[in-house]
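For reference, run_11.pdb (PDB, C-alpha atoms):
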```
ATOM      1  CA  MET A 191       0.000   0.000   0.000
ATOM      2  CA  PHE A 192       1.416   3.380  -1.002
ATOM      3  CA  GLN A 193       0.854   6.684   0.724
ATOM      4  CA  THR A 194       1.364  10.265  -0.384
ATOM      5  CA  GLY A 195       2.107  13.251   1.821
ATOM      6  CA  CYS A 196       0.108  16.469   2.049
ATOM      7  CA  PHE A 197      -0.205  19.289   4.578
ATOM      8  CA  ASP A 198      -3.113  19.669   6.957
ATOM      9  CA  SER A 199      -4.639  22.919   8.205
ATOM     10  CA  GLU A 200      -2.140  23.053  11.079
ATOM     11  CA  GLY A 201       0.794  23.053   8.685
ATOM     12  CA  GLY A 202       1.872  19.513   9.549
ATOM     13  CA  GLU A 203       2.126  16.677   7.101
ATOM     14  CA  ALA A 204      -0.808  14.291   6.926
ATOM     15  CA  LEU A 205      -0.703  10.881   5.286
ATOM     16  CA  VAL A 206      -3.339  10.104   2.703
ATOM     17  CA  ASP A 207      -3.921   6.514   1.633
ATOM     18  CA  ASP A 208      -3.799   6.296  -2.163
ATOM     19  CA  LYS A 209      -5.112   2.744  -2.392
ATOM     20  CA  ARG A 210      -7.834   2.704  -5.016
ATOM     21  CA  ASP A 211     -11.172   1.016  -4.317
ATOM     22  CA  TRP A 212     -14.301   0.447  -6.371
ATOM     23  CA  PHE A 213     -17.247   2.611  -5.373
ATOM     24  CA  VAL A 214     -20.843   2.567  -6.614
ATOM     25  CA  MET A 215     -22.355   5.741  -8.031
ATOM     26  CA  TRP A 216     -26.120   6.129  -8.053
ATOM     27  CA  THR A 217     -27.412   8.291 -10.900
ATOM     28  CA  GLN A 218     -30.631   9.966 -11.855
ATOM     29  CA  SER A 219     -32.855   7.996 -14.233
ATOM     30  CA  HIS A 220     -31.209   7.427 -17.646
ATOM     31  CA  CYS A 221     -28.154   9.498 -16.652
ATOM     32  CA  GLU A 222     -25.573   6.700 -16.457
ATOM     33  CA  ARG A 223     -23.820   7.668 -19.716
ATOM     34  CA  LEU A 224     -23.939  11.383 -18.881
ATOM     35  CA  VAL A 225     -22.220  10.769 -15.528
ATOM     36  CA  HIS A 226     -19.734   8.350 -17.106
ATOM     37  CA  ASP A 227     -18.645  10.768 -19.828
ATOM     38  CA  GLN A 228     -18.192  13.724 -17.461
ATOM     39  CA  LEU A 229     -16.026  11.753 -15.045
ATOM     40  CA  VAL A 230     -13.913  10.178 -17.781
ATOM     41  CA  ALA A 231     -13.316  13.668 -19.197
ATOM     42  CA  GLY A 232     -12.173  14.663 -15.693
ATOM     43  CA  GLY A 233      -9.573  11.903 -15.620
ATOM     44  CA  PHE A 234     -11.436   9.411 -13.419
ATOM     45  CA  GLU A 235     -11.524   5.654 -14.063
ATOM     46  CA  VAL A 236     -15.186   4.724 -14.478
ATOM     47  CA  PHE A 237     -16.812   1.433 -15.462
ATOM     48  CA  LEU A 238     -20.303   1.394 -16.981
ATOM     49  CA  PRO A 239     -21.141  -2.224 -17.876
ATOM     50  CA  THR A 240     -23.791  -2.638 -20.563
ATOM     51  CA  ILE A 241     -25.980  -5.365 -22.015
ATOM     52  CA  ARG A 242     -26.843  -5.576 -25.730
ATOM     53  CA  THR A 243     -30.518  -6.073 -26.436
ATOM     54  CA  TRP A 244     -32.942  -5.685 -29.341
ATOM     55  CA  SER A 245     -35.153  -2.637 -29.714
ATOM     56  CA  GLN A 246     -38.158  -2.187 -32.018
ATOM     57  CA  GLN A 247     -38.420   1.394 -33.248
ATOM     58  CA  ARG A 248     -40.634   2.570 -36.108
ATOM     59  CA  GLY A 249     -40.932  -0.983 -37.388
ATOM     60  CA  ALA A 250     -37.152  -1.512 -37.468
ATOM     61  CA  ARG A 251     -35.386  -3.925 -35.141
ATOM     62  CA  ARG A 252     -31.889  -2.963 -34.043
ATOM     63  CA  ALA A 253     -29.391  -3.845 -31.346
ATOM     64  CA  ILE A 254     -28.824  -1.291 -28.603
ATOM     65  CA  SER A 255     -26.690  -1.184 -25.439
ATOM     66  CA  LEU A 256     -28.379  -0.625 -22.091
ATOM     67  CA  PRO A 257     -26.813  -0.290 -18.620
ATOM     68  CA  MET A 258     -26.353  -3.678 -17.001
ATOM     69  CA  PHE A 259     -27.368  -2.202 -13.624
ATOM     70  CA  PRO A 260     -29.790   0.647 -14.407
ATOM     71  CA  GLY A 261     -29.051   3.705 -12.295
ATOM     72  CA  TYR A 262     -25.569   2.560 -11.263
ATOM     73  CA  LEU A 263     -21.969   2.647 -12.442
ATOM     74  CA  PHE A 264     -18.609   2.104 -10.795
ATOM     75  CA  LEU A 265     -15.743   4.429  -9.882
ATOM     76  CA  HIS A 266     -12.168   3.222  -9.232
ATOM     77  CA  HIS A 267     -10.341   5.823  -7.181
ATOM     78  CA  ALA A 268      -8.350   6.569  -4.047
ATOM     79  CA  MET A 269     -11.028   8.670  -2.422
ATOM     80  CA  ASP A 270     -10.122  11.722  -0.371
ATOM     81  CA  LYS A 271     -12.369  14.657   0.505
ATOM     82  CA  ARG A 272     -11.239  16.744  -2.457
ATOM     83  CA  SER A 273     -11.897  13.930  -4.935
ATOM     84  CA  TYR A 274     -15.257  13.245  -3.304
ATOM     85  CA  VAL A 275     -16.326  16.872  -3.722
ATOM     86  CA  ASP A 276     -15.221  16.824  -7.382
ATOM     87  CA  VAL A 277     -17.201  13.641  -8.067
ATOM     88  CA  VAL A 278     -20.450  14.615  -6.332
ATOM     89  CA  LYS A 279     -20.629  17.834  -8.362
ATOM     90  CA  THR A 280     -21.136  15.712 -11.483
ATOM     91  CA  ARG A 281     -24.369  16.541 -13.309
ATOM     92  CA  GLY A 282     -26.834  13.642 -13.161
ATOM     93  CA  LEU A 283     -25.256  11.982 -10.104
ATOM     94  CA  VAL A 284     -27.437  11.408  -7.042
ATOM     95  CA  ARG A 285     -24.681  10.238  -4.690
ATOM     96  CA  ILE A 286     -21.900   7.744  -4.055
ATOM     97  CA  LEU A 287     -23.154   4.862  -1.930
ATOM     98  CA  GLY A 288     -21.961   5.129   1.681
ATOM     99  CA  GLU A 289     -22.483   7.112   4.861
ATOM    100  CA  SER A 290     -20.036   9.968   4.210
ATOM    101  CA  TRP A 291     -16.979  10.804   2.088
ATOM    102  CA  ASP A 292     -14.692   8.893   4.483
ATOM    103  CA  ARG A 293     -17.141   6.014   5.044
ATOM    104  CA  LEU A 294     -18.070   5.030   1.503
ATOM    105  CA  ALA A 295     -19.238   1.502   0.710
ATOM    106  CA  SER A 296     -16.666  -0.200  -1.514
ATOM    107  CA  ILE A 297     -17.090  -3.446  -3.436
ATOM    108  CA  PRO A 298     -14.499  -6.219  -3.895
ATOM    109  CA  ASP A 299     -12.217  -6.031  -6.930
ATOM    110  CA  ALA A 300     -13.161  -9.633  -7.764
ATOM    111  CA  GLU A 301     -16.836  -8.729  -8.300
ATOM    112  CA  VAL A 302     -15.986  -5.939 -10.737
ATOM    113  CA  ASP A 303     -13.366  -8.090 -12.492
ATOM    114  CA  ALA A 304     -15.983 -10.823 -13.013
ATOM    115  CA  ILE A 305     -18.411  -8.343 -14.578
ATOM    116  CA  ARG A 306     -15.626  -6.962 -16.794
ATOM    117  CA  ARG A 307     -14.765 -10.422 -18.093
ATOM    118  CA  ILE A 308     -18.377 -11.208 -18.910
ATOM    119  CA  VAL A 309     -18.801  -7.898 -20.744
ATOM    120  CA  GLU A 310     -15.663  -8.571 -22.827
ATOM    121  CA  THR A 311     -17.081 -11.838 -24.223
ATOM    122  CA  ASP A 312     -19.552 -12.176 -27.084
ATOM    123  CA  LEU A 313     -21.801 -14.394 -24.973
ATOM    124  CA  PRO A 314     -25.425 -13.349 -24.366
ATOM    125  CA  ILE A 315     -25.838 -11.525 -21.038
ATOM    126  CA  PHE A 316     -29.086 -10.716 -19.271
ATOM    127  CA  PRO A 317     -30.346  -9.648 -15.818
ATOM    128  CA  HIS A 318     -31.042 -12.423 -13.333
ATOM    129  CA  PRO A 319     -32.736 -12.505  -9.916
ATOM    130  CA  TYR A 320     -30.139 -11.810  -7.242
ATOM    131  CA  LEU A 321     -28.377 -14.942  -5.963
ATOM    132  CA  ARG A 322     -26.204 -15.165  -2.909
ATOM    133  CA  GLU A 323     -26.436 -18.751  -1.721
ATOM    134  CA  GLY A 324     -25.911 -21.841  -3.837
ATOM    135  CA  GLN A 325     -23.187 -23.969  -5.342
ATOM    136  CA  GLN A 326     -20.112 -21.912  -6.172
ATOM    137  CA  VAL A 327     -18.471 -23.139  -9.365
ATOM    138  CA  ARG A 328     -15.459 -22.291 -11.503
ATOM    139  CA  ILE A 329     -15.266 -22.280 -15.308
ATOM    140  CA  THR A 330     -12.430 -24.532 -16.509
ATOM    141  CA  ASP A 331     -12.241 -23.642 -20.209
ATOM    142  CA  GLY A 332     -13.324 -21.091 -22.794
ATOM    143  CA  PRO A 333     -13.331 -17.261 -22.681
ATOM    144  CA  LEU A 334     -14.485 -17.218 -19.030
ATOM    145  CA  ARG A 335     -11.909 -19.737 -17.783
ATOM    146  CA  GLY A 336     -11.183 -19.234 -14.071
ATOM    147  CA  LEU A 337     -14.302 -17.146 -13.438
ATOM    148  CA  GLU A 338     -16.350 -18.120 -10.378
ATOM    149  CA  GLY A 339     -20.057 -17.704  -9.739
ATOM    150  CA  VAL A 340     -23.273 -19.480  -8.789
ATOM    151  CA  LEU A 341     -24.573 -22.150 -11.148
ATOM    152  CA  VAL A 342     -28.276 -22.541 -11.916
ATOM    153  CA  GLN A 343     -30.042 -24.859 -14.337
ATOM    154  CA  SER A 344     -30.992 -23.817 -17.822
ATOM    155  CA  LYS A 345     -31.177 -26.868 -20.105
ATOM    156  CA  PRO A 346     -29.390 -30.246 -20.458
ATOM    157  CA  ARG A 347     -25.610 -29.736 -20.643
ATOM    158  CA  ARG A 348     -26.075 -25.973 -20.556
ATOM    159  CA  GLY A 349     -26.429 -23.756 -17.536
ATOM    160  CA  LEU A 350     -26.347 -20.195 -16.304
ATOM    161  CA  LEU A 351     -23.377 -18.782 -14.436
ATOM    162  CA  VAL A 352     -24.724 -16.025 -12.191
ATOM    163  CA  VAL A 353     -22.367 -13.270 -11.028
ATOM    164  CA  SER A 354     -23.557 -10.834  -8.351
ATOM    165  CA  ILE A 355     -22.710  -7.402  -6.988
ATOM    166  CA  ASP A 356     -23.638  -7.941  -3.346
ATOM    167  CA  LEU A 357     -23.770  -4.255  -2.424
ATOM    168  CA  LEU A 358     -26.390  -3.625  -5.111
ATOM    169  CA  ARG A 359     -28.144  -6.962  -4.604
ATOM    170  CA  ARG A 360     -28.133  -7.309  -8.378
ATOM    171  CA  SER A 361     -27.035 -10.233 -10.552
ATOM    172  CA  VAL A 362     -26.388 -10.976 -14.206
ATOM    173  CA  ALA A 363     -26.235 -14.348 -15.925
ATOM    174  CA  VAL A 364     -24.291 -15.767 -18.846
ATOM    175  CA  GLU A 365     -24.881 -19.163 -20.468
ATOM    176  CA  VAL A 366     -22.035 -21.656 -20.001
ATOM    177  CA  ASP A 367     -21.157 -25.165 -21.154
ATOM    178  CA  GLY A 368     -21.962 -27.699 -18.436
ATOM    179  CA  THR A 369     -18.874 -29.755 -19.335
ATOM    180  CA  GLN A 370     -16.603 -26.821 -18.465
ATOM    181  CA  VAL A 371     -17.753 -26.306 -14.877
ATOM    182  CA  VAL A 372     -16.381 -27.705 -11.619
ATOM    183  CA  PRO A 373     -17.213 -26.891  -7.979
ATOM    184  CA  VAL A 374     -14.955 -24.262  -6.408
ATOM    185  CA  GLY A 375     -12.018 -25.969  -4.714
ATOM    186  CA  SER A 376     -12.075 -28.922  -7.091
ATOM    187  CA  THR A 377      -9.178 -29.697  -9.457
ATOM    188  CA  TRP A 378     -11.059 -32.474 -11.250
ATOM    189  CA  HIS A 379     -12.284 -31.831 -14.785
ATOM    190  CA  PRO A 380     -15.590 -33.734 -15.150
ATOM    191  CA  PRO A 381     -16.485 -35.718 -18.263
ATOM    192  CA  ALA A 382     -19.495 -34.700 -20.328
ATOM    193  CA  LEU A 383     -22.686 -35.595 -18.487
ATOM    194  CA  ALA A 384     -26.286 -34.513 -18.269
ATOM    195  CA  TRP A 385     -27.023 -32.021 -15.537
ATOM    196  CA  SER A 386     -29.257 -32.978 -12.659
ATOM    197  CA  GLY A 387     -31.102 -30.832 -10.180
ATOM    198  CA  ALA A 388     -28.985 -32.186  -7.322
ATOM    199  CA  ALA A 389     -25.814 -30.951  -9.024
ATOM    200  CA  LEU A 390     -27.035 -27.417  -9.515
ATOM    201  CA  ALA A 391     -27.234 -24.414  -7.245
ATOM    202  CA  ALA A 392     -30.238 -23.696  -5.072
ATOM    203  CA  GLN A 393     -31.805 -20.418  -6.111
ATOM    204  CA  HIS A 394     -32.131 -17.822  -3.357
ATOM    205  CA  PRO A 395     -35.413 -15.898  -3.693
TER     206      PRO A 395
END
```

Output the structure of this file as structure tokens.
Amino acid sequence: MFQTGCFDSEGGEALVDDKRDWFVMWTQSHCERLVHDQLVAGGFEVFLPTIRTWSQQRGARRAISLPMFPGYLFLHHAMDKRSYVDVVKTRGLVRILGESWDRLASIPDAEVDAIRRIVETDLPIFPHPYLREGQQVRITDGPLRGLEGVLVQSKPRRGLLVVSIDLLRRSVAVEVDGTQVVPVGSTWHPPALAWSGAALAAQHP
């Protein structure tokens, strides 16, 4: 962990932690892109995950990108009071989740990394009811190799890997090959087999 020095109001040097965390920004309705673009222009690292879907407009069907978590996007920054003030002045932003500038609610890097990896694939992605409990699995092959999540049933030899942002209580799902999944902690690569209800995660309502 690195630290940088600055001077406090008494003239002495104060240590400021420059460790960057992921924070959740809550925006006004349909303002995710507006907030994203302003902060990126200001030099901040911002992540706005999107889902591609089909839209019917004036009789024409076309693919559009919508926010994966409507009303939310993520900020990666070492937050001090000055940075906090700069961020909350952003047009279209409601607030950063947390109690105060020095007690913000951060989310684990692993959760954001999982969402990033899913977004970077060409696999279909869609919202899913929030899951927290169930069988944790790891993907053993393909573009999501090494990614962990909760497995739920979809169809024979296919399943849904559900990845969650616990702070938001939101989840997204991506379809995976059932022959490329093993329980977390296992080093055994299973042969091809039909999925059974007993082998799949229990869905948390």

Inset, instruction - Check the smallest atom-to-atom distance from each of A:Ala231, A:Leu265, A:Leu351, A:Ala250 to Leu287 of chain A using all atoms listed in the file, then report the winner. - result: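 Going through A:Ala231, A:Leu265, A:Leu351, A:Ala250 one by one, the smallest distance to Leu287 of chain A is for A:Leu265.
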
Inset, instruction - For each of A:Arg248, A:Arg281, A:Arg242, A:Arg272, take the minimum atom-to-atom distance to Trp216 of chain A, counting only C-alpha atoms, then give the residue where this is smallest. - result: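 Of A:Arg248, A:Arg281, A:Arg242, A:Arg272, the one nearest Trp216 of chain A is A:Arg281, counting only C-alpha atoms.
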
Inset, instruction - Can you work out which one of A:Arg285, A:Arg348, A:His220, A:Lys209 has the shortest atom-to-atom distance to Met269 of chain A, counting only C-alpha atoms? - result: A:Lys209

Inset, instruction - Check the smallest atom-to-atom distance from each of A:Val327, A:Val372, A:Ala304, A:Leu263 to Val353 of chain A using all atoms listed in the file, then report the winner. - result: A:Ala304

Legend entry - Residue nearest Trp212 of chain A among A:Ser296, A:Thr330, A:Gln228, A:Thr311 (counting all atoms listed in the file):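 For Trp212 of chain A, the nearest of the given residues is A:Ser296.
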
Inset, instruction - For atom CA of Arg293 of chain A and atom CA of Arg322 of chain A, determine how far apart the two atoms are, in Å to one decimal place. - result: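 Interatomic distance here is 24.4 Å.
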
Inset, instruction - Apply the PyMOL selection byres ((chain A and resi 254) around 10) to the displayed file and report the matching residues as a PyMOL selection string. - result: chain A and resi 240-246+251-253+255-256

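Comparing the minimum interatomic distances between Arg210 of chain A and each of A:Asp292, A:Asp299, A:Asp276, A:Glu222, counting all atoms listed in the file, we find that A:Asp299 sits nearest.
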
Inset, instruction - Find the spatial neighbours of Val340 of chain A, counting only C-alpha atoms, within a cut-off of 6 Å - ignore same-chain residues fewer than 5 positions away - and output them as an NGL selection string. - result: :A and (325-326 or 351-352)

Inset, instruction - Quote the spacing between atom CA of Glu365 of chain A and atom CA of Gly336 of chain A in Å to one decimal place. - result: 15.1 Å

Inset, instruction - Report the distance between atom CA of Leu350 of chain A and atom CA of Ile308 of chain A in Å, rounded to one decimal place. - result: 12.3 Å

Inset, instruction - Could you give me, as a ChimeraX atom specification, the residues that have an atom at most 12 Å away from the point (-23.6, 8.1, -20.1) in the coordinates of the file, using all atoms listed in the file? - result: /A:217-231,236-240,255-257,260-263,280-283

Inset, instruction - Take the point (-24.3, -9.8, -11.1) in the file's coordinates, draw a sphere of radius 9 Å around it, and report as an MDAnalysis selection string every protein, DNA or RNA residue with an atom inside or on it, counting all atoms listed in the file. - result: chainID A and resid 258:259 301 304:305 317:321 352:356 358:363
